Amino acid sequence: MSQRRKFIKQSLVSSALFLPGVSAFSKTLEKGLQKEEKPLILSTWNHGLPANKAAWDKLKETGSILDAVEAGVRDTELDMENLSVGLQGLPDREGITTLDASIMTGDGACGSVAFVRQIKHPITLARAVMEKTPHVMLAGEGARQFAIAQGFPLEKEELSPKAKVEYDKWKVTSQYKPIINIENHDTIGMIGIDSSGKLAGSCTTSGLAYKMHGRVGDSPIIGAGLYVDDEVGAATATGLGETIIRICGSFLIVELMRQGRTPQEACEEAVKRLVTKSKNIQDIQAGFLAINKYGETGAYAVHPGFNFARATSSENILIDSKSHF
């Protein structure tokens, strides 16, 4: 190749970084990223293992990654042993269980519900908000009215047997001090990519135990607990929601990936940002999961103890995340 042709080629490659619409993310393949197997599903905590199985079963049935991430967390919403998701979850300080959920696809469609009562599957209600209303979020009584209009049955408002026992114990002292990896263990977030590269995510929770009545965490907030973009990737969060909201955690991770960071690098940077913006960090746990459009993944937490489930066509395994401290 002549020197002139080499110069022209190098100039075109360099100038492409400055052209409108050409981001650093579009150059990541030149870094030699290792592609992961697709389809791929990630979900937070050990309850992600059965959730991933339910998601894979639905993906095989319908071929839709959106259907898969909804079905996966619906499984957790029904798990009577889980006290952090679904109507069986631990209540607020008034003894009332309130639920939050969000769902999103990579084309920007999204829906969420917050502070909703008596609905067994808030993730399905969030999907109905996405698909059947002009809105993104419905909350409280409005969300419940919409659920009734859509034919969702209202469940009897009573604590599950395990939640009632724990609530009665709590009322003895009525102290509110979340314990990391226990009361911060308050969400299932799931993100997935299908074989064609389409992405979707879901997030559902009963929130922090013994929270103030009306408190809403990061899970139903698009950009905080969940964010998905087919052009880049997806991220979800778990842990103390207030800290995640303050940094728009999931959106931050996706934007860092857009700028060229790997999912792991993006998760680590988000945790560093969260640590600098949070007081009493020794008492705070938060963790992030991310996947980019090539199928590369990342996970990182503030403290040890966060784990996540990773499912491909060949395995469904639980992995301990690395942490900042």
# chains A, B, ... in the order shown; residues from 1 in each chain; ligands from 1

call {"tool": "residues_around", "arguments": {"residues": "Ile281 in chain A", "least_positions_apart": "2", "cutoff": "12 Å", "atoms": "only C-alpha atoms", "output": "ChimeraX atom specification"}}
result
/A:179-180,240,243,271-279,283-286,301-303,324-325

call {"tool": "write_last_selection", "arguments": {"atoms": "N, CA, C and O atoms", "output": "mmCIF file, in the first residue's frame"}}
result
data_model
loop_
_atom_site.group_PDB
_atom_site.id
_atom_site.type_symbol
_atom_site.label_atom_id
_atom_site.label_comp_id
_atom_site.auth_asym_id
_atom_site.auth_seq_id
_atom_site.Cartn_x
_atom_site.Cartn_y
_atom_site.Cartn_z
ATOM 1 N N ILE A 179 -29.849 -3.873 56.782
ATOM 2 C CA ILE A 179 -28.651 -4.692 56.904
ATOM 3 C C ILE A 179 -28.225 -5.120 55.506
ATOM 4 O O ILE A 179 -29.008 -5.721 54.765
ATOM 5 N N ILE A 180 -26.984 -4.802 55.144
ATOM 6 C CA ILE A 180 -26.551 -5.073 53.776
ATOM 7 C C ILE A 180 -26.622 -6.570 53.478
ATOM 8 O O ILE A 180 -26.355 -7.413 54.323
ATOM 9 N N LEU A 240 -29.670 -0.628 47.923
ATOM 10 C CA LEU A 240 -30.357 0.524 48.511
ATOM 11 C C LEU A 240 -30.721 1.509 47.406
ATOM 12 O O LEU A 240 -29.873 2.207 46.858
ATOM 13 N N THR A 243 -29.513 5.311 46.846
ATOM 14 C CA THR A 243 -28.156 5.546 46.335
ATOM 15 C C THR A 243 -28.081 5.339 44.830
ATOM 16 O O THR A 243 -27.309 6.016 44.140
ATOM 17 N N VAL A 271 -20.229 2.007 40.444
ATOM 18 C CA VAL A 271 -20.081 1.769 41.877
ATOM 19 C C VAL A 271 -19.169 2.823 42.501
ATOM 20 O O VAL A 271 -19.458 3.355 43.585
ATOM 21 N N LYS A 272 -18.093 3.171 41.828
ATOM 22 C CA LYS A 272 -17.206 4.216 42.343
ATOM 23 C C LYS A 272 -17.962 5.537 42.483
ATOM 24 O O LYS A 272 -17.810 6.261 43.474
ATOM 25 N N ARG A 273 -18.786 5.859 41.492
ATOM 26 C CA ARG A 273 -19.586 7.078 41.549
ATOM 27 C C ARG A 273 -20.544 7.030 42.750
ATOM 28 O O ARG A 273 -20.713 8.015 43.468
ATOM 29 N N LEU A 274 -21.193 5.891 42.932
ATOM 30 C CA LEU A 274 -22.140 5.732 44.038
ATOM 31 C C LEU A 274 -21.442 5.895 45.389
ATOM 32 O O LEU A 274 -21.966 6.549 46.294
ATOM 33 N N VAL A 275 -20.266 5.312 45.512
ATOM 34 C CA VAL A 275 -19.528 5.396 46.776
ATOM 35 C C VAL A 275 -19.204 6.845 47.123
ATOM 36 O O VAL A 275 -19.334 7.276 48.268
ATOM 37 N N THR A 276 -18.790 7.624 46.124
ATOM 38 C CA THR A 276 -18.423 9.020 46.387
ATOM 39 C C THR A 276 -19.636 9.879 46.731
ATOM 40 O O THR A 276 -19.485 10.925 47.364
ATOM 41 N N LYS A 277 -20.838 9.451 46.321
ATOM 42 C CA LYS A 277 -22.046 10.242 46.555
ATOM 43 C C LYS A 277 -22.856 9.769 47.762
ATOM 44 O O LYS A 277 -23.945 10.282 48.015
ATOM 45 N N SER A 278 -22.344 8.797 48.508
ATOM 46 C CA SER A 278 -23.128 8.197 49.585
ATOM 47 C C SER A 278 -22.427 8.342 50.929
ATOM 48 O O SER A 278 -21.206 8.149 51.030
ATOM 49 N N LYS A 279 -23.204 8.656 51.961
ATOM 50 C CA LYS A 279 -22.695 8.687 53.323
ATOM 51 C C LYS A 279 -22.891 7.315 53.966
ATOM 52 O O LYS A 279 -23.725 6.527 53.539
ATOM 53 N N ASP A 283 -22.586 0.805 55.547
ATOM 54 C CA ASP A 283 -23.893 0.199 55.791
ATOM 55 C C ASP A 283 -24.738 0.066 54.527
ATOM 56 O O ASP A 283 -25.919 -0.288 54.606
ATOM 57 N N ILE A 284 -24.142 0.352 53.385
ATOM 58 C CA ILE A 284 -24.909 0.392 52.138
ATOM 59 C C ILE A 284 -24.400 -0.659 51.162
ATOM 60 O O ILE A 284 -23.206 -0.739 50.884
ATOM 61 N N GLN A 285 -25.308 -1.451 50.646
ATOM 62 C CA GLN A 285 -24.964 -2.368 49.564
ATOM 63 C C GLN A 285 -25.731 -1.978 48.303
ATOM 64 O O GLN A 285 -26.898 -1.579 48.363
ATOM 65 N N ALA A 286 -25.062 -2.065 47.189
ATOM 66 C CA ALA A 286 -25.686 -1.887 45.880
ATOM 67 C C ALA A 286 -24.864 -2.684 44.882
ATOM 68 O O ALA A 286 -23.639 -2.808 45.018
ATOM 69 N N ALA A 301 -20.257 -4.748 42.775
ATOM 70 C CA ALA A 301 -21.028 -4.326 43.940
ATOM 71 C C ALA A 301 -20.173 -3.460 44.846
ATOM 72 O O ALA A 301 -18.948 -3.420 44.721
ATOM 73 N N VAL A 302 -20.825 -2.798 45.788
ATOM 74 C CA VAL A 302 -20.103 -1.987 46.765
ATOM 75 C C VAL A 302 -19.335 -2.885 47.722
ATOM 76 O O VAL A 302 -18.141 -2.698 47.965
ATOM 77 N N HIS A 303 -20.014 -3.889 48.296
ATOM 78 C CA HIS A 303 -19.411 -4.803 49.263
ATOM 79 C C HIS A 303 -19.514 -6.237 48.765
ATOM 80 O O HIS A 303 -20.352 -6.552 47.909
ATOM 81 N N HIS A 324 -16.193 -3.393 45.348
ATOM 82 C CA HIS A 324 -15.315 -2.239 45.525
ATOM 83 C C HIS A 324 -14.496 -2.362 46.804
ATOM 84 O O HIS A 324 -13.296 -2.035 46.815
ATOM 85 N N PHE A 325 -15.120 -2.825 47.877
ATOM 86 C CA PHE A 325 -14.416 -2.998 49.149
ATOM 87 C C PHE A 325 -14.066 -4.467 49.380
ATOM 88 O O PHE A 325 -14.727 -5.358 48.849
#

call {"tool": "select_by_dssp", "arguments": {"residues": "range 91-234 of chain A", "states": "alpha helix (DSSP H)", "output": "PyMOL selection string"}}
result
chain A and resi 122-132+140-149+161-173

call {"tool": "write_last_selection", "arguments": {"atoms": "N, CA and C atoms", "output": "mmCIF file, in the first residue's frame"}}
result
data_model
loop_
_atom_site.group_PDB
_atom_site.id
_atom_site.type_symbol
_atom_site.label_atom_id
_atom_site.label_comp_id
_atom_site.auth_asym_id
_atom_site.auth_seq_id
_atom_site.Cartn_x
_atom_site.Cartn_y
_atom_site.Cartn_z
ATOM 1 N N PRO A 122 -46.909 -7.333 39.621
ATOM 2 C CA PRO A 122 -46.679 -5.948 39.200
ATOM 3 C C PRO A 122 -45.873 -5.833 37.911
ATOM 4 N N ILE A 123 -45.044 -6.834 37.586
ATOM 5 C CA ILE A 123 -44.266 -6.756 36.342
ATOM 6 C C ILE A 123 -45.192 -6.824 35.134
ATOM 7 N N THR A 124 -46.246 -7.617 35.220
ATOM 8 C CA THR A 124 -47.200 -7.712 34.120
ATOM 9 C C THR A 124 -48.034 -6.438 34.027
ATOM 10 N N LEU A 125 -48.318 -5.827 35.172
ATOM 11 C CA LEU A 125 -49.009 -4.543 35.156
ATOM 12 C C LEU A 125 -48.116 -3.468 34.535
ATOM 13 N N ALA A 126 -46.821 -3.497 34.829
ATOM 14 C CA ALA A 126 -45.891 -2.551 34.217
ATOM 15 C C ALA A 126 -45.864 -2.725 32.697
ATOM 16 N N ARG A 127 -45.904 -3.971 32.247
ATOM 17 C CA ARG A 127 -45.943 -4.204 30.798
ATOM 18 C C ARG A 127 -47.234 -3.666 30.194
ATOM 19 N N ALA A 128 -48.338 -3.779 30.918
ATOM 20 C CA ALA A 128 -49.602 -3.233 30.423
ATOM 21 C C ALA A 128 -49.531 -1.711 30.323
ATOM 22 N N VAL A 129 -48.878 -1.064 31.279
ATOM 23 C CA VAL A 129 -48.673 0.387 31.190
ATOM 24 C C VAL A 129 -47.895 0.719 29.926
ATOM 25 N N MET A 130 -46.855 -0.058 29.646
ATOM 26 C CA MET A 130 -46.021 0.164 28.465
ATOM 27 C C MET A 130 -46.808 0.000 27.167
ATOM 28 N N GLU A 131 -47.628 -1.027 27.104
ATOM 29 C CA GLU A 131 -48.260 -1.395 25.842
ATOM 30 C C GLU A 131 -49.664 -0.818 25.651
ATOM 31 N N LYS A 132 -50.324 -0.397 26.733
ATOM 32 C CA LYS A 132 -51.729 -0.024 26.611
ATOM 33 C C LYS A 132 -52.047 1.391 27.070
ATOM 34 N N GLY A 140 -49.501 4.125 42.868
ATOM 35 C CA GLY A 140 -50.496 4.104 43.920
ATOM 36 C C GLY A 140 -51.886 3.710 43.466
ATOM 37 N N GLU A 141 -52.870 4.497 43.900
ATOM 38 C CA GLU A 141 -54.257 4.190 43.608
ATOM 39 C C GLU A 141 -54.545 4.210 42.112
ATOM 40 N N GLY A 142 -53.867 5.098 41.386
ATOM 41 C CA GLY A 142 -54.054 5.136 39.934
ATOM 42 C C GLY A 142 -53.602 3.852 39.269
ATOM 43 N N ALA A 143 -52.493 3.295 39.735
ATOM 44 C CA ALA A 143 -52.019 2.021 39.198
ATOM 45 C C ALA A 143 -53.004 0.904 39.517
ATOM 46 N N ARG A 144 -53.564 0.933 40.729
ATOM 47 C CA ARG A 144 -54.529 -0.098 41.108
ATOM 48 C C ARG A 144 -55.809 0.025 40.287
ATOM 49 N N GLN A 145 -56.275 1.243 40.049
ATOM 50 C CA GLN A 145 -57.468 1.435 39.219
ATOM 51 C C GLN A 145 -57.233 0.934 37.798
ATOM 52 N N PHE A 146 -56.056 1.214 37.255
ATOM 53 C CA PHE A 146 -55.727 0.728 35.912
ATOM 54 C C PHE A 146 -55.698 -0.792 35.907
ATOM 55 N N ALA A 147 -55.149 -1.393 36.950
ATOM 56 C CA ALA A 147 -55.114 -2.852 37.032
ATOM 57 C C ALA A 147 -56.518 -3.442 37.008
ATOM 58 N N ILE A 148 -57.415 -2.848 37.768
ATOM 59 C CA ILE A 148 -58.797 -3.328 37.793
ATOM 60 C C ILE A 148 -59.433 -3.202 36.415
ATOM 61 N N ALA A 149 -59.195 -2.070 35.751
ATOM 62 C CA ALA A 149 -59.751 -1.858 34.414
ATOM 63 C C ALA A 149 -59.215 -2.870 33.412
ATOM 64 N N PRO A 161 -47.638 -15.514 55.962
ATOM 65 C CA PRO A 161 -47.304 -15.997 57.310
ATOM 66 C C PRO A 161 -45.881 -15.645 57.744
ATOM 67 N N LYS A 162 -44.904 -15.805 56.855
ATOM 68 C CA LYS A 162 -43.521 -15.503 57.229
ATOM 69 C C LYS A 162 -43.321 -14.003 57.431
ATOM 70 N N ALA A 163 -43.931 -13.208 56.565
ATOM 71 C CA ALA A 163 -43.792 -11.760 56.700
ATOM 72 C C ALA A 163 -44.436 -11.266 57.989
ATOM 73 N N LYS A 164 -45.562 -11.872 58.376
ATOM 74 C CA LYS A 164 -46.239 -11.447 59.609
ATOM 75 C C LYS A 164 -45.373 -11.732 60.825
ATOM 76 N N VAL A 165 -44.732 -12.888 60.844
ATOM 77 C CA VAL A 165 -43.841 -13.228 61.958
ATOM 78 C C VAL A 165 -42.713 -12.212 62.066
ATOM 79 N N GLU A 166 -42.107 -11.880 60.948
ATOM 80 C CA GLU A 166 -40.989 -10.932 60.956
ATOM 81 C C GLU A 166 -41.453 -9.523 61.328
ATOM 82 N N TYR A 167 -42.613 -9.137 60.834
ATOM 83 C CA TYR A 167 -43.133 -7.803 61.153
ATOM 84 C C TYR A 167 -43.451 -7.678 62.638
ATOM 85 N N ASP A 168 -44.023 -8.715 63.224
ATOM 86 C CA ASP A 168 -44.324 -8.687 64.654
ATOM 87 C C ASP A 168 -43.043 -8.585 65.476
ATOM 88 N N LYS A 169 -41.986 -9.246 65.038
ATOM 89 C CA LYS A 169 -40.692 -9.127 65.722
ATOM 90 C C LYS A 169 -40.176 -7.695 65.613
ATOM 91 N N TRP A 170 -40.298 -7.107 64.438
ATOM 92 C CA TRP A 170 -39.780 -5.754 64.216
ATOM 93 C C TRP A 170 -40.511 -4.726 65.074
ATOM 94 N N LYS A 171 -41.804 -4.923 65.270
ATOM 95 C CA LYS A 171 -42.596 -3.944 66.019
ATOM 96 C C LYS A 171 -42.165 -3.825 67.478
ATOM 97 N N VAL A 172 -41.439 -4.808 67.989
ATOM 98 C CA VAL A 172 -40.990 -4.758 69.375
ATOM 99 C C VAL A 172 -40.074 -3.563 69.597
ATOM 100 N N THR A 173 -39.195 -3.309 68.626
ATOM 101 C CA THR A 173 -38.269 -2.174 68.740
ATOM 102 C C THR A 173 -38.544 -1.090 67.709
#

call {"tool": "residues_around", "arguments": {"residues": "range 248-263 of chain A", "least_positions_apart": "6", "cutoff": "9 Å", "atoms": "only C-alpha atoms", "output": "PyMOL selection string"}}
result
chain A and resi 23-28+33+218+221-229+231-237+269-271+273-274+288-292+296-299

call {"tool": "closest_atom_pairs", "arguments": {"of": "range 148-212 of chain A", "to": "range 108-116 of chain A", "cutoff": "12 Å", "atoms": "only C-alpha atoms", "output": "Markdown table"}}
result
| residue | atom | partner | partner_atom | distance |
| --- | --- | --- | --- | --- |
| A:Ile148 | CA | A:Val116 | CA | 12.0 |
| A:Leu154 | CA | A:Val116 | CA | 10.9 |
| A:Glu155 | CA | A:Val116 | CA | 11.7 |
| A:Glu157 | CA | A:Val116 | CA | 11.6 |
| A:Lys198 | CA | A:Gly108 | CA | 11.8 |
| A:Leu199 | CA | A:Gly108 | CA | 10.4 |
| A:Ala200 | CA | A:Ala109 | CA | 9.6 |
| A:Gly201 | CA | A:Cys110 | CA | 9.5 |
| A:Ser202 | CA | A:Ser112 | CA | 9.6 |
| A:Cys203 | CA | A:Ser112 | CA | 9.2 |
| A:Thr204 | CA | A:Val113 | CA | 9.5 |
| A:Thr205 | CA | A:Ala114 | CA | 9.8 |
| A:Ser206 | CA | A:Phe115 | CA | 9.0 |
| A:Gly207 | CA | A:Phe115 | CA | 9.4 |
| A:Lys211 | CA | A:Phe115 | CA | 11.6 |
| A:Met212 | CA | A:Phe115 | CA | 11.3 |

call {"tool": "decode", "arguments": {"residues": "range 271-295 of chain A", "atoms": "N, CA, C and O atoms", "output": "CSV table (one decimal), in the first residue's frame"}}
result
chain,number,residue,atom,x,y,z
A,271,VAL,N,-20.2,2.0,40.4
A,271,VAL,CA,-20.1,1.8,41.9
A,271,VAL,C,-19.2,2.8,42.5
A,271,VAL,O,-19.5,3.4,43.6
A,272,LYS,N,-18.1,3.2,41.8
A,272,LYS,CA,-17.2,4.2,42.3
A,272,LYS,C,-18.0,5.5,42.5
A,272,LYS,O,-17.8,6.3,43.5
A,273,ARG,N,-18.8,5.9,41.5
A,273,ARG,CA,-19.6,7.1,41.5
A,273,ARG,C,-20.5,7.0,42.7
A,273,ARG,O,-20.7,8.0,43.5
A,274,LEU,N,-21.2,5.9,42.9
A,274,LEU,CA,-22.1,5.7,44.0
A,274,LEU,C,-21.4,5.9,45.4
A,274,LEU,O,-22.0,6.5,46.3
A,275,VAL,N,-20.3,5.3,45.5
A,275,VAL,CA,-19.5,5.4,46.8
A,275,VAL,C,-19.2,6.8,47.1
A,275,VAL,O,-19.3,7.3,48.3
A,276,THR,N,-18.8,7.6,46.1
A,276,THR,CA,-18.4,9.0,46.4
A,276,THR,C,-19.6,9.9,46.7
A,276,THR,O,-19.5,10.9,47.4
A,277,LYS,N,-20.8,9.5,46.3
A,277,LYS,CA,-22.0,10.2,46.6
A,277,LYS,C,-22.9,9.8,47.8
A,277,LYS,O,-23.9,10.3,48.0
A,278,SER,N,-22.3,8.8,48.5
A,278,SER,CA,-23.1,8.2,49.6
A,278,SER,C,-22.4,8.3,50.9
A,278,SER,O,-21.2,8.1,51.0
A,279,LYS,N,-23.2,8.7,52.0
A,279,LYS,CA,-22.7,8.7,53.3
A,279,LYS,C,-22.9,7.3,54.0
A,279,LYS,O,-23.7,6.5,53.5
A,280,ASN,N,-22.1,7.0,55.0
A,280,ASN,CA,-22.2,5.8,55.7
A,280,ASN,C,-22.2,4.6,54.8
A,280,ASN,O,-23.0,3.6,54.9
A,281,ILE,N,-21.2,4.6,53.9
A,281,ILE,CA,-21.1,3.6,52.8
A,281,ILE,C,-20.9,2.2,53.4
A,281,ILE,O,-21.2,1.2,52.8
A,282,GLN,N,-20.4,2.1,54.6
A,282,GLN,CA,-20.2,0.8,55.2
A,282,GLN,C,-21.5,0.1,55.5
A,282,GLN,O,-21.5,-1.2,55.6
A,283,ASP,N,-22.6,0.8,55.5
A,283,ASP,CA,-23.9,0.2,55.8
A,283,ASP,C,-24.7,0.1,54.5
A,283,ASP,O,-25.9,-0.3,54.6
A,284,ILE,N,-24.1,0.4,53.4
A,284,ILE,CA,-24.9,0.4,52.1
A,284,ILE,C,-24.4,-0.7,51.2
A,284,ILE,O,-23.2,-0.7,50.9
A,285,GLN,N,-25.3,-1.5,50.6
A,285,GLN,CA,-25.0,-2.4,49.6
A,285,GLN,C,-25.7,-2.0,48.3
A,285,GLN,O,-26.9,-1.6,48.4
A,286,ALA,N,-25.1,-2.1,47.2
A,286,ALA,CA,-25.7,-1.9,45.9
A,286,ALA,C,-24.9,-2.7,44.9
A,286,ALA,O,-23.6,-2.8,45.0
A,287,GLY,N,-25.5,-3.2,43.9
A,287,GLY,CA,-24.9,-4.0,42.9
A,287,GLY,C,-25.5,-3.8,41.5
A,287,GLY,O,-26.6,-3.4,41.4
A,288,PHE,N,-24.6,-3.9,40.5
A,288,PHE,CA,-25.1,-3.7,39.1
A,288,PHE,C,-24.7,-4.9,38.2
A,288,PHE,O,-23.7,-5.6,38.4
A,289,LEU,N,-25.6,-5.2,37.3
A,289,LEU,CA,-25.4,-6.1,36.2
A,289,LEU,C,-25.5,-5.4,34.9
A,289,LEU,O,-26.3,-4.5,34.7
A,290,ALA,N,-24.7,-5.8,33.9
A,290,ALA,CA,-24.7,-5.2,32.6
A,290,ALA,C,-24.4,-6.2,31.5
A,290,ALA,O,-23.7,-7.2,31.7
A,291,ILE,N,-24.9,-5.9,30.3
A,291,ILE,CA,-24.6,-6.7,29.1
A,291,ILE,C,-24.6,-5.7,27.9
A,291,ILE,O,-25.4,-4.8,27.9
A,292,ASN,N,-23.6,-5.9,27.0
A,292,ASN,CA,-23.6,-5.1,25.8
A,292,ASN,C,-24.2,-5.9,24.7
A,292,ASN,O,-24.5,-7.0,24.8
A,293,LYS,N,-24.3,-5.2,23.5
A,293,LYS,CA,-25.0,-5.8,22.4
A,293,LYS,C,-24.3,-6.9,21.8
A,293,LYS,O,-24.8,-7.7,21.0
A,294,TYR,N,-23.0,-7.1,22.2
A,294,TYR,CA,-22.2,-8.2,21.7
A,294,TYR,C,-22.3,-9.4,22.6
A,294,TYR,O,-21.8,-10.5,22.3
A,295,GLY,N,-23.0,-9.3,23.7
A,295,GLY,CA,-23.1,-10.4,24.7
A,295,GLY,C,-22.1,-10.4,25.7
A,295,GLY,O,-22.0,-11.4,26.5
